[in-house]
Structure formats: structure tokens, C-alpha cells
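> Next comes upload.pdb, PDB, C-alpha atoms:
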```pdb
MODEL        1
ATOM      1  CA  MET A   1     -22.928  -9.569  -6.337
ATOM      2  CA  LEU A   2     -20.216  -7.369  -4.854
ATOM      3  CA  ASN A   3     -16.733  -7.653  -6.379
ATOM      4  CA  VAL A   4     -13.799  -7.109  -4.034
ATOM      5  CA  ALA A   5     -10.132  -6.715  -5.008
ATOM      6  CA  LEU A   6      -7.873  -8.070  -2.286
ATOM      7  CA  PRO A   7      -4.083  -7.889  -2.179
ATOM      8  CA  LYS A   8      -2.143 -11.127  -2.241
ATOM      9  CA  GLY A   9       0.269 -11.851   0.595
ATOM     10  CA  ARG A  10       0.343 -11.220   4.335
ATOM     11  CA  ILE A  11      -1.986  -8.211   4.323
ATOM     12  CA  GLY A  12      -4.440 -10.110   2.140
ATOM     13  CA  LYS A  13      -4.674 -12.852   4.775
ATOM     14  CA  LYS A  14      -5.567 -10.286   7.456
ATOM     15  CA  VAL A  15      -8.150  -8.659   5.177
ATOM     16  CA  ARG A  16      -9.785 -12.017   4.426
ATOM     17  CA  GLU A  17     -10.066 -12.593   8.167
ATOM     18  CA  ILE A  18     -11.755  -9.193   8.574
ATOM     19  CA  PHE A  19     -14.317  -9.869   5.847
ATOM     20  CA  SER A  20     -15.046 -13.340   7.226
ATOM     21  CA  ALA A  21     -15.487 -11.864  10.720
ATOM     22  CA  ILE A  22     -18.170  -9.431   9.528
ATOM     23  CA  GLY A  23     -20.157 -12.142   7.753
ATOM     24  CA  TYR A  24     -18.663 -12.063   4.262
ATOM     25  CA  GLU A  25     -17.096 -15.492   4.047
ATOM     26  CA  CYS A  26     -13.670 -15.526   2.411
ATOM     27  CA  GLU A  27     -12.010 -18.906   2.506
ATOM     28  CA  GLU A  28      -8.270 -19.159   2.990
ATOM     29  CA  PRO A  29      -6.624 -20.580  -0.155
ATOM     30  CA  THR A  30      -4.453 -23.647   0.379
ATOM     31  CA  PRO A  31      -0.752 -23.407  -0.589
ATOM     32  CA  ASP A  32      -1.370 -25.254  -3.871
ATOM     33  CA  ASP A  33      -4.566 -23.298  -4.703
ATOM     34  CA  ARG A  34      -3.954 -21.201  -7.825
ATOM     35  CA  ARG A  35      -7.408 -19.623  -8.038
ATOM     36  CA  LEU A  36      -7.459 -15.864  -8.522
ATOM     37  CA  VAL A  37     -11.229 -15.527  -8.074
ATOM     38  CA  ILE A  38     -12.981 -16.840  -4.952
ATOM     39  CA  GLU A  39     -16.769 -16.660  -4.618
ATOM     40  CA  ASN A  40     -18.506 -17.207  -1.307
ATOM     41  CA  SER A  41     -21.001 -20.043  -0.923
ATOM     42  CA  ASP A  42     -24.188 -17.945  -1.188
ATOM     43  CA  GLY A  43     -22.995 -16.048  -4.278
ATOM     44  CA  THR A  44     -23.252 -12.580  -2.719
ATOM     45  CA  ILE A  45     -19.593 -11.596  -2.870
ATOM     46  CA  ARG A  46     -16.652 -12.422  -5.120
ATOM     47  CA  TYR A  47     -13.003 -11.810  -4.264
ATOM     48  CA  PHE A  48     -10.216 -11.152  -6.759
ATOM     49  CA  LEU A  49      -6.678 -11.839  -5.530
ATOM     50  CA  VAL A  50      -4.349  -9.345  -7.206
ATOM     51  CA  LYS A  51      -0.928  -7.792  -6.802
ATOM     52  CA  PRO A  52      -1.161  -5.118  -4.064
ATOM     53  CA  SER A  53      -0.013  -2.321  -6.371
ATOM     54  CA  ASP A  54      -2.783  -3.222  -8.870
ATOM     55  CA  VAL A  55      -5.757  -3.019  -6.483
ATOM     56  CA  GLY A  56      -6.333   0.674  -7.161
ATOM     57  CA  ILE A  57      -6.476   0.068 -10.922
ATOM     58  CA  TYR A  58      -9.060  -2.723 -10.605
ATOM     59  CA  VAL A  59     -11.235  -0.518  -8.383
ATOM     60  CA  GLU A  60     -10.811   2.708 -10.365
ATOM     61  CA  ARG A  61     -11.771   0.987 -13.638
ATOM     62  CA  GLY A  62     -14.762  -0.809 -12.131
ATOM     63  CA  ALA A  63     -13.546  -4.413 -12.363
ATOM     64  CA  ALA A  64     -13.960  -4.403  -8.568
ATOM     65  CA  ASP A  65     -16.500  -2.418  -6.537
ATOM     66  CA  ILE A  66     -14.275  -2.111  -3.493
ATOM     67  CA  GLY A  67     -10.746  -3.108  -2.546
ATOM     68  CA  VAL A  68      -8.021  -2.876   0.043
ATOM     69  CA  VAL A  69      -4.798  -1.066  -0.770
ATOM     70  CA  GLY A  70      -1.867   0.475   1.078
ATOM     71  CA  LYS A  71      -1.798   4.226   1.615
ATOM     72  CA  ASP A  72       1.592   4.255  -0.122
ATOM     73  CA  THR A  73       0.001   3.020  -3.348
ATOM     74  CA  LEU A  74      -2.865   5.508  -3.057
ATOM     75  CA  VAL A  75      -0.490   8.443  -2.683
ATOM     76  CA  GLU A  76       1.966   7.206  -5.325
ATOM     77  CA  THR A  77      -0.526   6.313  -8.066
ATOM     78  CA  GLU A  78      -3.476   8.596  -7.151
ATOM     79  CA  PRO A  79      -6.303   6.369  -8.457
ATOM     80  CA  ASP A  80      -9.675   8.095  -8.910
ATOM     81  CA  VAL A  81     -11.476   6.254  -6.093
ATOM     82  CA  TYR A  82     -13.125   6.953  -2.755
ATOM     83  CA  GLU A  83     -11.017   6.223   0.323
ATOM     84  CA  LEU A  84     -13.526   4.927   2.857
ATOM     85  CA  LEU A  85     -11.684   3.633   5.893
ATOM     86  CA  ASP A  86      -8.314   3.095   7.523
ATOM     87  CA  LEU A  87      -8.206  -0.605   8.454
ATOM     88  CA  ASP A  88      -5.335  -0.079  10.922
ATOM     89  CA  ILE A  89      -3.406  -3.065   9.585
ATOM     90  CA  GLY A  90      -0.108  -3.242   7.710
ATOM     91  CA  LYS A  91       1.163  -0.231   9.621
ATOM     92  CA  CYS A  92       4.574   1.140   8.681
ATOM     93  CA  ASN A  93       6.146   4.423   7.560
ATOM     94  CA  MET A  94       7.519   5.915   4.366
ATOM     95  CA  CYS A  95      10.937   7.264   5.308
ATOM     96  CA  VAL A  96      14.100   8.842   4.016
ATOM     97  CA  CYS A  97      16.872   6.421   4.972
ATOM     98  CA  VAL A  98      20.628   6.956   4.932
ATOM     99  CA  LYS A  99      23.869   5.119   5.611
ATOM    100  CA  ASP A 100      25.130   5.271   9.174
ATOM    101  CA  GLY A 101      27.437   8.277   9.465
ATOM    102  CA  TYR A 102      26.063   9.954   6.317
ATOM    103  CA  THR A 103      26.264  13.753   6.079
ATOM    104  CA  GLU A 104      24.304  15.502   3.351
ATOM    105  CA  ASP A 105      26.061  17.908   0.994
ATOM    106  CA  LYS A 106      23.411  20.610   0.631
ATOM    107  CA  ASP A 107      25.284  22.277  -2.229
ATOM    108  CA  SER A 108      24.946  19.289  -4.561
ATOM    109  CA  VAL A 109      21.997  17.590  -6.241
ATOM    110  CA  LEU A 110      20.700  14.879  -3.913
ATOM    111  CA  ARG A 111      20.494  11.428  -5.524
ATOM    112  CA  VAL A 112      17.394   9.594  -4.272
ATOM    113  CA  ALA A 113      16.774   5.903  -4.987
ATOM    114  CA  THR A 114      13.176   4.767  -4.561
ATOM    115  CA  LYS A 115      10.251   2.663  -5.736
ATOM    116  CA  TYR A 116       8.067   5.723  -5.098
ATOM    117  CA  PRO A 117       9.187   8.577  -7.379
ATOM    118  CA  HIS A 118       5.964  10.566  -6.955
ATOM    119  CA  ILE A 119       6.078  10.497  -3.161
ATOM    120  CA  ALA A 120       9.811  11.217  -3.048
ATOM    121  CA  GLY A 121       9.528  14.002  -5.612
ATOM    122  CA  ALA A 122       6.645  15.702  -3.798
ATOM    123  CA  TYR A 123       8.447  15.509  -0.458
ATOM    124  CA  TYR A 124      11.659  17.086  -1.685
ATOM    125  CA  LYS A 125       9.733  19.668  -3.728
ATOM    126  CA  SER A 126       8.120  20.790  -0.460
ATOM    127  CA  LEU A 127      11.650  21.359   0.859
ATOM    128  CA  ASN A 128      12.764  23.157  -2.318
ATOM    129  CA  ARG A 129      15.535  20.580  -2.545
ATOM    130  CA  GLU A 130      17.018  19.764  -5.949
ATOM    131  CA  ILE A 131      17.136  16.001  -6.451
ATOM    132  CA  GLU A 132      17.796  13.310  -9.011
ATOM    133  CA  ILE A 133      15.419  10.380  -8.694
ATOM    134  CA  ILE A 134      16.750   6.893  -9.414
ATOM    135  CA  LYS A 135      13.756   4.537  -9.762
ATOM    136  CA  LEU A 136      14.425   0.987  -8.639
ATOM    137  CA  SER A 137      12.132  -2.015  -8.255
ATOM    138  CA  GLY A 138      13.819  -3.884  -5.421
ATOM    139  CA  SER A 139      16.770  -4.118  -3.027
ATOM    140  CA  ILE A 140      16.646  -0.352  -2.563
ATOM    141  CA  GLU A 141      19.054  -0.636   0.360
ATOM    142  CA  LEU A 142      21.864  -1.511  -2.040
ATOM    143  CA  ALA A 143      21.820   1.891  -3.746
ATOM    144  CA  PRO A 144      23.594   3.953  -1.060
ATOM    145  CA  LEU A 145      25.887   1.060  -0.157
ATOM    146  CA  LEU A 146      27.217   0.939  -3.727
ATOM    147  CA  GLY A 147      27.298   4.703  -4.211
ATOM    148  CA  LEU A 148      24.387   4.709  -6.645
ATOM    149  CA  SER A 149      22.415   7.131  -4.471
ATOM    150  CA  ASP A 150      22.900   9.381  -1.473
ATOM    151  CA  VAL A 151      19.652   8.389   0.233
ATOM    152  CA  ILE A 152      16.672   6.106  -0.298
ATOM    153  CA  VAL A 153      12.948   6.692   0.163
ATOM    154  CA  ASP A 154      11.214   3.464   1.111
ATOM    155  CA  ILE A 155       8.759   1.790   3.449
ATOM    156  CA  VAL A 156      10.120   0.934   6.893
ATOM    157  CA  GLU A 157       8.304  -1.567   9.097
ATOM    158  CA  THR A 158      10.718  -3.098  11.627
ATOM    159  CA  GLY A 159      13.936  -1.548  10.312
ATOM    160  CA  THR A 160      15.763  -4.882  10.541
ATOM    161  CA  THR A 161      16.967  -4.893   6.919
ATOM    162  CA  LEU A 162      18.217  -1.336   7.308
ATOM    163  CA  ARG A 163      20.157  -2.125  10.482
ATOM    164  CA  GLU A 164      21.696  -5.244   8.969
ATOM    165  CA  ASN A 165      22.974  -3.111   6.088
ATOM    166  CA  HIS A 166      24.215  -0.224   8.261
ATOM    167  CA  LEU A 167      21.394   2.122   7.289
ATOM    168  CA  HIS A 168      18.796   3.912   9.387
ATOM    169  CA  PRO A 169      15.628   6.014   8.931
ATOM    170  CA  GLU A 170      16.428   9.725   8.984
ATOM    171  CA  THR A 171      13.039  11.343   8.331
ATOM    172  CA  LYS A 172       9.475  10.033   8.422
ATOM    173  CA  ILE A 173       7.516  11.210   5.371
ATOM    174  CA  LEU A 174       4.175   9.422   5.594
ATOM    175  CA  PRO A 175       2.410   6.909   7.877
ATOM    176  CA  ILE A 176       1.212   3.875   5.921
ATOM    177  CA  SER A 177      -1.622   1.408   6.550
ATOM    178  CA  ALA A 178      -4.198  -0.551   4.544
ATOM    179  CA  ARG A 179      -7.244   1.406   3.352
ATOM    180  CA  LEU A 180     -10.690   0.343   2.138
ATOM    181  CA  ILE A 181     -11.462   2.027  -1.191
ATOM    182  CA  ALA A 182     -14.481   2.087  -3.506
ATOM    183  CA  ASN A 183     -15.169   2.636  -7.173
ATOM    184  CA  LYS A 184     -17.060   5.930  -7.490
ATOM    185  CA  SER A 185     -19.839   4.528  -9.668
ATOM    186  CA  SER A 186     -20.217   1.417  -7.504
ATOM    187  CA  TYR A 187     -20.462   3.576  -4.410
ATOM    188  CA  ARG A 188     -23.432   5.340  -5.984
ATOM    189  CA  PHE A 189     -25.281   2.230  -7.184
ATOM    190  CA  LYS A 190     -24.275  -0.223  -4.433
ATOM    191  CA  SER A 191     -24.076   2.298  -1.607
ATOM    192  CA  GLU A 192     -26.186   0.306   0.863
ATOM    193  CA  GLU A 193     -23.994  -2.786   0.679
ATOM    194  CA  ILE A 194     -20.716  -0.842   0.668
ATOM    195  CA  GLU A 195     -21.770   1.354   3.586
ATOM    196  CA  ASN A 196     -22.918  -1.756   5.469
ATOM    197  CA  ILE A 197     -19.478  -3.348   5.046
ATOM    198  CA  THR A 198     -17.764  -0.134   6.124
ATOM    199  CA  ALA A 199     -19.952   0.159   9.231
ATOM    200  CA  LYS A 200     -19.371  -3.472  10.203
ATOM    201  CA  ILE A 201     -15.596  -3.106   9.879
ATOM    202  CA  LYS A 202     -15.706   0.055  11.993
ATOM    203  CA  GLU A 203     -17.678  -1.830  14.650
ATOM    204  CA  LEU A 204     -15.197  -4.727  14.510
ATOM    205  CA  LYS A 205     -12.297  -2.332  15.133
ATOM    206  CA  LYS A 206     -13.789  -1.006  18.385
TER     207      LYS A 206
ENDMDL
END
```
Would you encode the structure as C-alpha cells?


Amino acid sequence: MLNVALPKGRIGKKVREIFSAIGYECEEPTPDDRRLVIENSDGTIRYFLVKPSDVGIYVERGAADIGVVGKDTLVETEPDVYELLDLDIGKCNMCVCVKDGYTEDKDSVLRVATKYPHIAGAYYKSLNREIEIIKLSGSIELAPLLGLSDVIVDIVETGTTLRENHLHPETKILPISARLIANKSSYRFKSEEIENITAKIKELKK
């Protein structure tokens, strides 16, 4: 049996559709379905529904053989896994965003609010820019509006929330999309099945 860690939410729905389309049945849970483990009817594959940011941990530690995770999580947490394929779904960008009319004071320490301290830190280190990172878990857009930070580093998809709060993307740091990943040991011992899934998804994308 192959164990697959899938993210909950909108991306998870698209991934389930992909696996079903290549012959690995993955039923769509009903709104009142609280199951976290879904096994297909012939017992060949089992899906775990987990928080998107946890997929890499389940795969790295071998609880799942393969999984689907955003590139943002891969770069931020650096799990020890194989990245097999870009699924070309969940596309967005990691950006530096600022208030409309903002001008940076390059002589002062830049205050950066973000959910992604590793990504933000690495980006500004590449610029030799001195920063103070303010790690937040949600409503990042509030930070510059309330004077908590000068800028934010966050994922931007449509930009609607930014515009509604008089913010805008200033610099694109990293393109983001969902990636298929594999546990290193599983890839060695279940290589035929994992490579078959990868090949079928590639063919589906054409």
C-alpha cells in the first residue's frame, strides 16, 4: 500500500482530482465527513488529510511515502525529501509588499513582518540588508497599517486583500506552486509505483 499525505483545503481538492484522474481513486469527503484517512476501494493507496504546512514532516519522517506541498513550505522548512514534480496548481508568488506611498529608509533597520522568517531572512541577506523579523501567524497585512512593520513578506495570489488595505507587491521573491515530494527511503523501496504516479501526472499535464 502506498501512503499519500494530501493538504486539506482548496489545493487538496485539486490534488484529489489529479490522483483520481490517473487511476488512483480518491473520493471527495462530504462536508460532514471528519475522516483524516481515506483508503481506496482496492486497498492499494491510502490518503492522509493533513494541514498543508505539515505535509513535509509526514513525508520526511516516513509516515507518508509521497505528498503534495507548496514550494513556500519546502523552502521555508527544508524537509529532507525528494522534490519530484511541479504540479502547476496553486500558483502564486512570495513577495515583499508595502503600503501605498511607502518610501524605504535605507539608513535604518528594516522591520519585516512575515509568516516565513527563513525565506525573508535569506532574501534580505542576499541584499546585505539589515532587518528585524517580526514573525506573525495571520493577518500580516495589518502590520504595516498599524506601524508594527515597514514591509511584509507574504504569499500573493490575486492581490485583492492587499489592494483593499492600500498595500501592493513591491518585489517578487519566489514563484510558488504545489509540488509532489517523496520520502527518500520510500523512493528507494517503492520506486516503481512512485515513478509510475509521477509519469502519469506528467502525461496528464500535457

> Met1 (chain A): which residues within 12 Å, counting all atoms listed in the file, same-chain residues fewer than 3 positions away excluded, as a list of chain:residue names?

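Near Met1 (chain A), the qualifying residues are A:Val4, A:Tyr24, A:Glu39, A:Asn40, A:Ser41, A:Asp42, A:Gly43, A:Thr44, A:Ile45, A:Arg46, A:Tyr47, A:Ala64, A:Asp65, A:Ile66, A:Ser186, A:Lys190, A:Glu193, A:Ile194.
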
> What would the list of residues within 6 Å of (-13.2, -3.1, -1.2) (file frame) look like as a short mmCIF file (atom, residue, chain, number, x, y, z; two decimals) with C-alpha atoms, in the frame of the given file, if only C-alpha atoms are what count?


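Below you can see selection.cif, which holds the result:
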```
data_model
loop_
_atom_site.label_atom_id
_atom_site.label_comp_id
_atom_site.auth_asym_id
_atom_site.auth_seq_id
_atom_site.Cartn_x
_atom_site.Cartn_y
_atom_site.Cartn_z
CA VAL A 4 -13.80 -7.11 -4.03
CA ILE A 66 -14.28 -2.11 -3.49
CA GLY A 67 -10.75 -3.11 -2.55
CA VAL A 68 -8.02 -2.88 0.04
CA LEU A 180 -10.69 0.34 2.14
CA ILE A 181 -11.46 2.03 -1.19
CA ALA A 182 -14.48 2.09 -3.51
#
```

> Name the residues that the PyMOL selection byres ((chain A and resi 165) around 10) pulls out of this structure, and write them as a PyMOL selection string.

chain A and resi 99-100+141-142+145+160-164+166-168

> Calculate how many Å separate CA of Met94 (chain A) from CA of Asp154 (chain A), rounding to one decimal.

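Distance reported for this atom pair: 5.5 Å.
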
> To one decimal in Å, tell me the separation between CA of Ala113 (chain A) and CA of Gly12 (chain A).

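So the answer is 27.5 Å.
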
> On this file, the PyMOL selection byres ((chain A and resi 150) around 8) gives some set of residues; write that set as a list in words.

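On the file shown, the PyMOL selection byres ((chain A and resi 150) around 8) covers Val98, Glu104, Leu110, Arg111, Val112, Ala113, Ala143, Pro144, Gly147, Leu148, Ser149, Val151 and Ile152 of chain A.
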
> Mind writing the picked residues with C-alpha atoms as an mmCIF file, keeping the file's coordinate frame?


```
data_model
loop_
_atom_site.group_PDB
_atom_site.id
_atom_site.type_symbol
_atom_site.label_atom_id
_atom_site.label_comp_id
_atom_site.auth_asym_id
_atom_site.auth_seq_id
_atom_site.Cartn_x
_atom_site.Cartn_y
_atom_site.Cartn_z
ATOM 1 C CA VAL A 98 20.628 6.956 4.932
ATOM 2 C CA GLU A 104 24.304 15.502 3.351
ATOM 3 C CA LEU A 110 20.700 14.879 -3.913
ATOM 4 C CA ARG A 111 20.494 11.428 -5.524
ATOM 5 C CA VAL A 112 17.394 9.594 -4.272
ATOM 6 C CA ALA A 113 16.774 5.903 -4.987
ATOM 7 C CA ALA A 143 21.820 1.891 -3.746
ATOM 8 C CA PRO A 144 23.594 3.953 -1.060
ATOM 9 C CA GLY A 147 27.298 4.703 -4.211
ATOM 10 C CA LEU A 148 24.387 4.709 -6.645
ATOM 11 C CA SER A 149 22.415 7.131 -4.471
ATOM 12 C CA VAL A 151 19.652 8.389 0.233
ATOM 13 C CA ILE A 152 16.672 6.106 -0.298
#
```

> In file coordinates, which residues lie within 10 Å of (-11.9, -15.8, -3.8) using only C-alpha atoms, given as a ChimeraX atom specification?

/A:3-6,16,25-29,35-40,45-49

> Out of A:Tyr82, A:Val156, A:Cys97, A:Ile140, which residue has the shortest atom-to-atom distance to Tyr187 (chain A) when counting only C-alpha atoms?

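For Tyr187 (chain A), the nearest of the candidates is A:Tyr82.
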
> Show me, as CSV, the residues of region 42-120 of chain A having an atom within 12 Å of region 128-136 of chain A, each with the closest atom pair and its distance in Å, using only C-alpha atoms.


```
residue,atom,partner,partner_atom,distance
A:Glu104,CA,A:Arg129,CA,11.7
A:Asp105,CA,A:Arg129,CA,11.4
A:Lys106,CA,A:Arg129,CA,8.5
A:Asp107,CA,A:Glu130,CA,9.4
A:Ser108,CA,A:Glu130,CA,8.1
A:Val109,CA,A:Ile131,CA,5.1
A:Leu110,CA,A:Ile131,CA,4.5
A:Arg111,CA,A:Glu132,CA,4.8
A:Val112,CA,A:Ile133,CA,4.9
A:Ala113,CA,A:Ile134,CA,4.5
A:Thr114,CA,A:Lys135,CA,5.2
A:Lys115,CA,A:Leu136,CA,5.4
A:Tyr116,CA,A:Lys135,CA,7.5
A:Pro117,CA,A:Lys135,CA,6.5
A:His118,CA,A:Ile133,CA,9.6
A:Ile119,CA,A:Ile133,CA,10.9
A:Ala120,CA,A:Ile133,CA,8.0
```

> Just the residues within 8 Å of Ile173 (chain A), please, counting all atoms listed in the file, with nothing from its chain fewer than 3 positions along; format it as a count of residues only.

5

> Can you list what the PyMOL selection byres ((chain A and resi 79) around 10) grabs from this structure, as a PyMOL selection string?

chain A and resi 55-61+73-78+80-83+181+183

> Nearest to Pro7 (chain A) among A:Glu192, A:Ser20, A:Lys91, A:Arg179, with distances taken over all atoms listed in the file: which residue is it?

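Closest residue, counting all atoms listed in the file: A:Arg179.
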